[in-house]
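Enquirer: Got run.cif for you, mmCIF, C-alpha atoms:
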```cif
data_data
#
loop_
_atom_site.label_atom_id
_atom_site.label_comp_id
_atom_site.auth_asym_id
_atom_site.auth_seq_id
_atom_site.Cartn_x
_atom_site.Cartn_y
_atom_site.Cartn_z
CA MET Z 1 8.27 -5.01 22.05
CA ARG Z 2 7.86 -5.62 18.34
CA PRO Z 3 6.80 -2.74 16.06
CA VAL Z 4 3.04 -2.82 15.49
CA ILE Z 5 2.00 -2.80 11.83
CA GLY Z 6 -1.61 -2.10 10.89
CA ILE Z 7 -2.81 -3.98 7.79
CA THR Z 8 -5.92 -2.64 6.07
CA ALA Z 9 -8.54 -5.31 5.53
CA TYR Z 10 -11.27 -6.38 3.14
CA VAL Z 11 -14.95 -6.82 3.92
CA GLU Z 12 -16.05 -9.62 1.60
CA PRO Z 13 -18.39 -12.64 1.65
CA ALA Z 14 -16.52 -15.59 3.11
CA GLY Z 15 -17.15 -19.19 4.11
CA TRP Z 16 -15.87 -21.45 6.88
CA ALA Z 17 -17.15 -24.56 8.64
CA VAL Z 18 -20.94 -24.58 8.01
CA TRP Z 19 -21.12 -20.88 7.16
CA ARG Z 20 -21.32 -19.59 3.60
CA ASP Z 21 -21.27 -16.09 2.12
CA VAL Z 22 -20.99 -14.37 5.50
CA PRO Z 23 -19.73 -10.76 5.34
CA ALA Z 24 -16.30 -10.97 6.96
CA THR Z 25 -13.40 -8.70 7.75
CA LEU Z 26 -10.39 -10.49 6.34
CA VAL Z 27 -6.95 -10.18 4.83
CA PRO Z 28 -4.84 -12.90 3.17
CA HIS Z 29 -2.65 -14.49 5.81
CA ALA Z 30 0.42 -13.90 3.66
CA TYR Z 31 0.40 -10.25 4.79
CA VAL Z 32 0.34 -11.25 8.45
CA ARG Z 33 2.96 -13.93 7.92
CA SER Z 34 5.36 -11.57 6.15
CA VAL Z 35 5.03 -8.89 8.86
CA THR Z 36 5.59 -11.48 11.60
CA ALA Z 37 8.58 -12.99 9.78
CA ALA Z 38 10.14 -9.51 9.55
CA GLY Z 39 9.86 -9.05 13.31
CA GLY Z 40 6.63 -7.05 13.49
CA ARG Z 41 3.28 -7.53 15.19
CA ALA Z 42 0.42 -7.48 12.67
CA VAL Z 43 -2.92 -5.87 13.51
CA VAL Z 44 -5.83 -6.13 11.06
CA LEU Z 45 -7.72 -2.87 10.45
CA PRO Z 46 -11.34 -3.13 9.20
CA PRO Z 47 -12.71 -0.25 7.10
CA ASP Z 48 -13.68 2.62 9.42
CA ASP Z 49 -13.69 6.29 8.44
CA ALA Z 50 -14.94 7.70 11.77
CA ASP Z 51 -11.41 8.73 12.80
CA ALA Z 52 -7.76 7.67 12.62
CA ASP Z 53 -7.13 7.34 16.37
CA VAL Z 54 -5.94 3.75 15.92
CA LEU Z 55 -2.70 5.17 14.49
CA GLU Z 56 -1.72 6.09 18.05
CA LEU Z 57 -1.22 2.36 18.62
CA LEU Z 58 0.70 1.70 15.40
CA ASP Z 59 4.31 2.03 14.29
CA GLY Z 60 3.61 1.50 10.59
CA LEU Z 61 0.75 1.15 8.09
CA LEU Z 62 0.45 -1.43 5.32
CA LEU Z 63 -2.20 -0.66 2.69
CA ALA Z 64 -3.11 -4.08 1.35
CA GLY Z 65 -4.26 -5.06 -2.13
CA GLY Z 66 -7.86 -5.72 -3.10
CA ALA Z 67 -10.70 -4.14 -5.04
CA ASP Z 68 -10.28 -1.12 -7.33
CA VAL Z 69 -10.02 2.39 -5.93
CA GLY Z 70 -13.23 4.24 -6.75
CA PRO Z 71 -12.62 6.52 -9.77
CA GLU Z 72 -14.62 9.33 -8.15
CA ARG Z 73 -11.59 9.67 -5.86
CA TYR Z 74 -9.55 10.92 -8.82
CA GLY Z 75 -12.29 12.66 -10.79
CA GLN Z 76 -13.06 10.09 -13.48
CA PRO Z 77 -16.27 8.28 -14.46
CA PRO Z 78 -16.21 4.54 -13.72
CA ASP Z 79 -15.23 2.06 -16.38
CA PRO Z 80 -17.75 -0.83 -16.58
CA ARG Z 81 -14.96 -3.20 -15.48
CA THR Z 82 -14.08 -1.21 -12.36
CA GLU Z 83 -15.17 -2.87 -9.09
CA SER Z 84 -14.71 -0.59 -6.10
CA ARG Z 85 -15.51 -0.74 -2.38
CA PRO Z 86 -16.49 2.78 -1.25
CA GLU Z 87 -16.44 1.86 2.45
CA ARG Z 88 -12.88 0.64 2.17
CA ASP Z 89 -11.80 3.68 0.13
CA ALA Z 90 -13.22 5.99 2.81
CA GLY Z 91 -11.61 4.16 5.72
CA GLU Z 92 -8.20 3.84 4.13
CA THR Z 93 -8.18 7.44 2.92
CA THR Z 94 -8.86 8.58 6.49
CA LEU Z 95 -6.01 6.46 7.84
CA LEU Z 96 -3.61 7.45 5.08
CA ALA Z 97 -4.24 11.17 5.51
CA ALA Z 98 -3.40 10.98 9.21
CA ALA Z 99 -0.44 8.65 8.67
CA LEU Z 100 1.12 11.01 6.13
CA ALA Z 101 0.51 14.02 8.36
CA ALA Z 102 2.31 12.22 11.20
CA ASP Z 103 5.12 10.86 8.97
CA LEU Z 104 4.24 7.30 9.97
CA PRO Z 105 5.98 4.68 7.79
CA VAL Z 106 3.61 3.54 5.01
CA LEU Z 107 3.82 0.71 2.49
CA GLY Z 108 1.20 0.43 -0.27
CA VAL Z 109 0.81 -2.94 -2.02
CA CYS Z 110 -0.94 -3.18 -5.41
CA ARG Z 111 -4.24 -1.37 -4.71
CA GLY Z 112 -2.40 0.26 -1.80
CA MET Z 113 0.14 1.79 -4.18
CA GLN Z 114 -2.70 3.06 -6.36
CA LEU Z 115 -4.41 4.61 -3.32
CA LEU Z 116 -1.12 6.34 -2.45
CA ALA Z 117 -0.93 7.82 -5.95
CA VAL Z 118 -4.51 9.09 -5.72
CA ALA Z 119 -3.79 10.59 -2.29
CA TYR Z 120 -0.88 12.51 -3.85
CA GLY Z 121 -3.12 13.90 -6.60
CA GLY Z 122 -2.47 11.23 -9.22
CA LEU Z 123 -4.62 9.25 -11.68
CA LEU Z 124 -5.14 5.57 -12.49
CA HIS Z 125 -5.58 3.49 -15.63
CA GLN Z 126 -8.90 1.76 -14.94
CA HIS Z 127 -8.25 -1.22 -17.22
CA LEU Z 128 -4.59 -1.82 -17.99
CA PRO Z 129 -5.00 -4.22 -20.95
CA ASP Z 130 -6.54 -1.33 -22.90
CA VAL Z 131 -3.27 0.57 -22.38
CA VAL Z 132 -0.57 -2.08 -22.81
CA GLY Z 133 -2.43 -4.41 -25.18
CA HIS Z 134 -2.02 -7.64 -23.20
CA ASP Z 135 -3.21 -9.46 -20.07
CA GLY Z 136 0.22 -10.30 -18.72
CA HIS Z 137 -0.28 -8.39 -15.48
CA ARG Z 138 -3.30 -10.58 -14.63
CA PRO Z 139 -3.20 -13.63 -16.90
CA ALA Z 140 -6.34 -15.32 -15.52
CA PRO Z 141 -8.53 -15.23 -12.41
CA GLY Z 142 -6.43 -16.32 -9.45
CA VAL Z 143 -3.27 -16.71 -11.59
CA TYR Z 144 -0.25 -14.48 -10.96
CA GLY Z 145 1.83 -13.17 -13.82
CA SER Z 146 5.56 -12.46 -13.68
CA HIS Z 147 7.65 -9.88 -15.50
CA PRO Z 148 10.98 -8.04 -15.45
CA VAL Z 149 11.29 -4.89 -13.37
CA ARG Z 150 13.85 -2.07 -13.18
CA PHE Z 151 14.43 0.57 -10.52
CA VAL Z 152 15.95 4.06 -10.36
CA ALA Z 153 19.48 3.86 -9.01
CA GLY Z 154 19.77 5.42 -5.57
CA SER Z 155 16.03 5.23 -4.86
CA ARG Z 156 14.52 3.53 -1.85
CA ALA Z 157 12.94 0.95 -4.14
CA ALA Z 158 16.35 0.13 -5.65
CA GLU Z 159 17.87 -0.11 -2.18
CA VAL Z 160 15.15 -2.44 -0.92
CA MET Z 161 15.08 -4.60 -4.06
CA ALA Z 162 18.83 -4.72 -4.78
CA GLY Z 163 19.61 -7.67 -7.04
CA VAL Z 164 15.95 -8.35 -7.92
CA ASP Z 165 14.99 -8.01 -11.60
CA ARG Z 166 11.66 -9.85 -11.72
CA VAL Z 167 8.44 -9.64 -9.68
CA ASN Z 168 4.98 -11.19 -9.60
CA SER Z 169 1.87 -9.45 -10.89
CA TYR Z 170 -1.89 -9.56 -10.35
CA HIS Z 171 -3.76 -6.36 -11.24
CA HIS Z 172 -5.89 -4.88 -14.00
CA GLN Z 173 -5.45 -1.25 -12.94
CA ALA Z 174 -2.25 0.78 -12.65
CA VAL Z 175 -0.90 4.23 -11.85
CA ALA Z 176 -1.21 6.58 -14.83
CA ASP Z 177 0.00 9.73 -13.08
CA PRO Z 178 1.81 9.49 -9.71
CA GLY Z 179 0.88 13.02 -8.63
CA GLY Z 180 3.41 14.23 -6.05
CA LEU Z 181 5.16 10.87 -5.76
CA ALA Z 182 8.41 9.95 -7.49
CA VAL Z 183 8.26 6.98 -9.88
CA THR Z 184 11.18 4.69 -9.09
CA GLY Z 185 10.27 1.40 -10.77
CA TRP Z 186 8.81 0.14 -14.06
CA ALA Z 187 7.87 -3.15 -15.70
CA ASP Z 188 9.37 -3.96 -19.09
CA ASP Z 189 6.21 -2.67 -20.81
CA GLY Z 190 6.44 0.70 -19.05
CA VAL Z 191 3.83 0.09 -16.34
CA ILE Z 192 4.72 1.90 -13.11
CA GLU Z 193 5.82 -0.64 -10.51
CA ALA Z 194 7.17 1.50 -7.65
CA VAL Z 195 6.53 4.99 -6.27
CA GLU Z 196 7.88 6.76 -3.21
CA ASP Z 197 8.08 10.05 -1.37
CA PRO Z 198 11.76 10.74 -0.64
CA ALA Z 199 10.80 13.67 1.59
CA ARG Z 200 9.28 11.37 4.20
CA ARG Z 201 10.66 8.82 6.60
CA PHE Z 202 9.21 5.88 4.64
CA VAL Z 203 6.46 6.09 2.02
CA LEU Z 204 6.78 3.36 -0.61
CA GLY Z 205 4.29 1.84 -3.01
CA VAL Z 206 4.84 -1.36 -5.01
CA GLN Z 207 2.52 -2.71 -7.69
CA TRP Z 208 3.40 -6.35 -7.13
CA HIS Z 209 2.58 -8.55 -4.12
CA PRO Z 210 5.72 -8.90 -2.00
CA GLU Z 211 3.81 -10.80 0.69
CA ASN Z 212 3.59 -13.70 -1.78
CA GLU Z 213 7.28 -13.67 -2.66
CA PRO Z 214 9.78 -15.97 -0.89
CA ASP Z 215 11.69 -12.85 0.20
CA PRO Z 216 9.10 -10.09 0.93
CA ARG Z 217 11.65 -7.29 1.07
CA PRO Z 218 9.31 -4.26 0.98
CA VAL Z 219 7.43 -5.62 4.01
CA ALA Z 220 10.69 -6.18 5.88
CA ALA Z 221 11.76 -2.63 4.98
CA LEU Z 222 8.48 -1.27 6.39
CA VAL Z 223 9.03 -3.14 9.66
CA ARG Z 224 12.59 -1.80 9.92
CA ALA Z 225 11.38 1.74 9.27
CA ALA Z 226 8.66 1.29 11.89
CA MET Z 227 11.20 0.11 14.43
CA SER Z 228 13.43 3.09 13.70
CA ALA Z 229 10.51 5.52 13.88
CA ARG Z 230 9.37 3.99 17.14
CA SER Z 231 12.74 4.69 18.73
CA HIS Z 232 12.17 8.40 18.05
CA THR Z 233 8.46 9.01 18.59
CA ARG Z 234 5.02 7.47 18.77
CA VAL Z 235 2.26 9.07 16.71
CA PHE Z 236 -0.47 10.94 18.57
CA ILE Z 237 -3.36 12.23 16.47
CA GLY Z 238 -3.27 16.01 16.62
CA GLY Z 239 0.46 16.05 17.37
CA GLU Z 240 3.33 14.04 18.81
CA LYS Z 241 3.38 13.24 22.49
CA PRO Z 242 5.40 16.06 24.05
CA ASP Z 243 7.53 13.94 26.37
CA ARG Z 244 9.10 11.98 23.50
CA PRO Z 245 11.96 13.21 21.27
CA ALA Z 246 11.10 14.67 17.87
CA PRO Z 247 11.38 12.37 14.83
CA SER Z 248 14.62 12.15 12.90
CA PRO Z 249 14.98 14.42 9.85
CA ARG Z 250 13.10 13.28 6.77
CA ARG Z 251 15.05 11.43 4.13
CA GLY Z 252 15.97 13.48 1.03
CA ARG Z 253 14.02 16.37 -0.48
CA PRO Z 254 10.63 16.38 -2.18
CA SER Z 255 10.70 16.18 -5.96
CA ARG Z 256 7.10 17.45 -6.19
CA PRO Z 257 4.54 19.05 -3.90
CA GLY Z 258 3.30 16.86 -1.05
CA PRO Z 259 -0.08 15.18 -0.85
CA SER Z 260 -3.38 16.89 -0.32
CA VAL Z 261 -5.47 14.11 1.20
CA THR Z 262 -9.03 14.70 2.34
CA PRO Z 263 -10.38 12.08 4.79
CA GLY Z 264 -13.59 10.22 3.98
#
```
Can I see the file as structure tokens?
Expert:
Amino acid sequence: MRPVIGITAYVEPAGWAVWRDVPATLVPHAYVRSVTAAGGRAVVLPPDDADADVLELLDGLLLAGGADVGPERYGQPPDPRTESRPERDAGETTLLAAALAADLPVLGVCRGMQLLAVAYGGLLHQHLPDVVGHDGHRPAPGVYGSHPVRFVAGSRAAEVMAGVDRVNSYHHQAVADPGGLAVTGWADDGVIEAVEDPARRFVLGVQWHPENEPDPRPVAALVRAAMSARSHTRVFIGGEKPDRPAPSPRRGRPSRPGPSVTPG
């Protein structure tokens, strides 16, 4: 059986056939396609902060891109240009807290990387052009940018992206402080492009959109990690199922304190 990867979803007005502006749970198909191509089974997860029991059915979690993380999550007043979705923040924070506690493999993409940083006690730049002085990371609505990227030798990001020196870009916010995560990738203007927790089985955040690249390596790496984790244990909320072997030792040692994530 393929590893099951949960992909967090949007709730946005959508249109199809004769219907217009209908609230819909959706996620760009590129996420599903990239998980399937890597050998995984994709499951779409609507926002829901009631509990994280769905993780018992998953082998990995992909935090998808989308609207801005609410600045109240990291103790800042909102910038007028910040557009958040509180329901989504609450649901994904609940899932992420339980996934980290269970050492479930996690990949954060764009907004998902920013949510990871906030979960680890970090901060965000609410409008990146004010910091870097240009719009290159989001050139125009619906238009991806592209820029050089470099990674820390020996990091998971460097291992996954070996030989890659350029990535796409579509975001107006960015990680300002990674909290307890290690920064392992930067754009040429100094914007943080990759973060990870080397103390865990697989926790990686990337600022670009690998699902829209011809070779979505971070997604494939998540699926591989999920397959490996599955061979050791399946997550059960409140503890691992006792008749399965314990998970393999965590990779590396923490460079900072771990996350302190509060659900909801």
Enquirer: Name the residues that the PyMOL selection byres ((chain Z and resi 146-151) around 7) picks from the file above, as an mmCIF file with C-alpha atoms, keeping the file's coordinate frame, using the file's chain letters and numbers.
Expert:
```
data_model
loop_
_atom_site.group_PDB
_atom_site.id
_atom_site.type_symbol
_atom_site.label_atom_id
_atom_site.label_comp_id
_atom_site.auth_asym_id
_atom_site.auth_seq_id
_atom_site.Cartn_x
_atom_site.Cartn_y
_atom_site.Cartn_z
ATOM 1 C CA TYR Z 144 -0.250 -14.480 -10.960
ATOM 2 C CA GLY Z 145 1.830 -13.170 -13.820
ATOM 3 C CA VAL Z 152 15.950 4.060 -10.360
ATOM 4 C CA ALA Z 153 19.480 3.860 -9.010
ATOM 5 C CA ALA Z 157 12.940 0.950 -4.140
ATOM 6 C CA ALA Z 158 16.350 0.130 -5.650
ATOM 7 C CA ASP Z 165 14.990 -8.010 -11.600
ATOM 8 C CA ARG Z 166 11.660 -9.850 -11.720
ATOM 9 C CA VAL Z 167 8.440 -9.640 -9.680
ATOM 10 C CA ASN Z 168 4.980 -11.190 -9.600
ATOM 11 C CA SER Z 169 1.870 -9.450 -10.890
ATOM 12 C CA THR Z 184 11.180 4.690 -9.090
ATOM 13 C CA GLY Z 185 10.270 1.400 -10.770
ATOM 14 C CA TRP Z 186 8.810 0.140 -14.060
ATOM 15 C CA ALA Z 187 7.870 -3.150 -15.700
ATOM 16 C CA ASP Z 188 9.370 -3.960 -19.090
#
```
Enquirer: Return the single residue from Z:Glu92, Z:Glu159, Z:Asp68, Z:Asp49 that is closest to Gln126 (chain Z), with distances computed using only C-alpha atoms.
Expert: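 Looking at the shortest contact to Gln126 (chain Z), the residue is Z:Asp68.
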Enquirer: Mind giving me the straight-line distance from CA of Val106 (chain Z) to CA of Phe202 (chain Z) in Å, one decimal?
Expert: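 Pair CA of Val106 (chain Z) / CA of Phe202 (chain Z) returns 6.1 Å.
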Enquirer: For the PyMOL selection byres ((chain Z and resi 48) around 10), applied here, can you spell out every residue it catches as a ChimeraX atom specification?
Expert: /Z:8,45-47,49-52,87-95,264
Enquirer: Taking all atoms listed in the file into account, which of Z:Gly60, Z:Leu100, Z:Tyr10, Z:Asp21 comes nearest Val223 (chain Z)?
Expert: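 Of Z:Gly60, Z:Leu100, Z:Tyr10, Z:Asp21, the one nearest Val223 (chain Z), counting all atoms listed in the file, is Z:Gly60.
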Enquirer: Which residues are close to Gln114 (chain Z), i.e. within 9 Å by only C-alpha atoms, leaving aside same-chain residues fewer than 6 positions away? Reply as a list of chain:residue names.
Expert: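 Near neighbours after the sequence-gap exclusion: Z:Asp68, Z:Val69, Z:Gly108, Z:Gly122, Z:Leu123, Z:Leu124, Z:Gln173, Z:Ala174, Z:Val175, Z:Pro178, Z:Gly205, Z:Val206, Z:Gln207.
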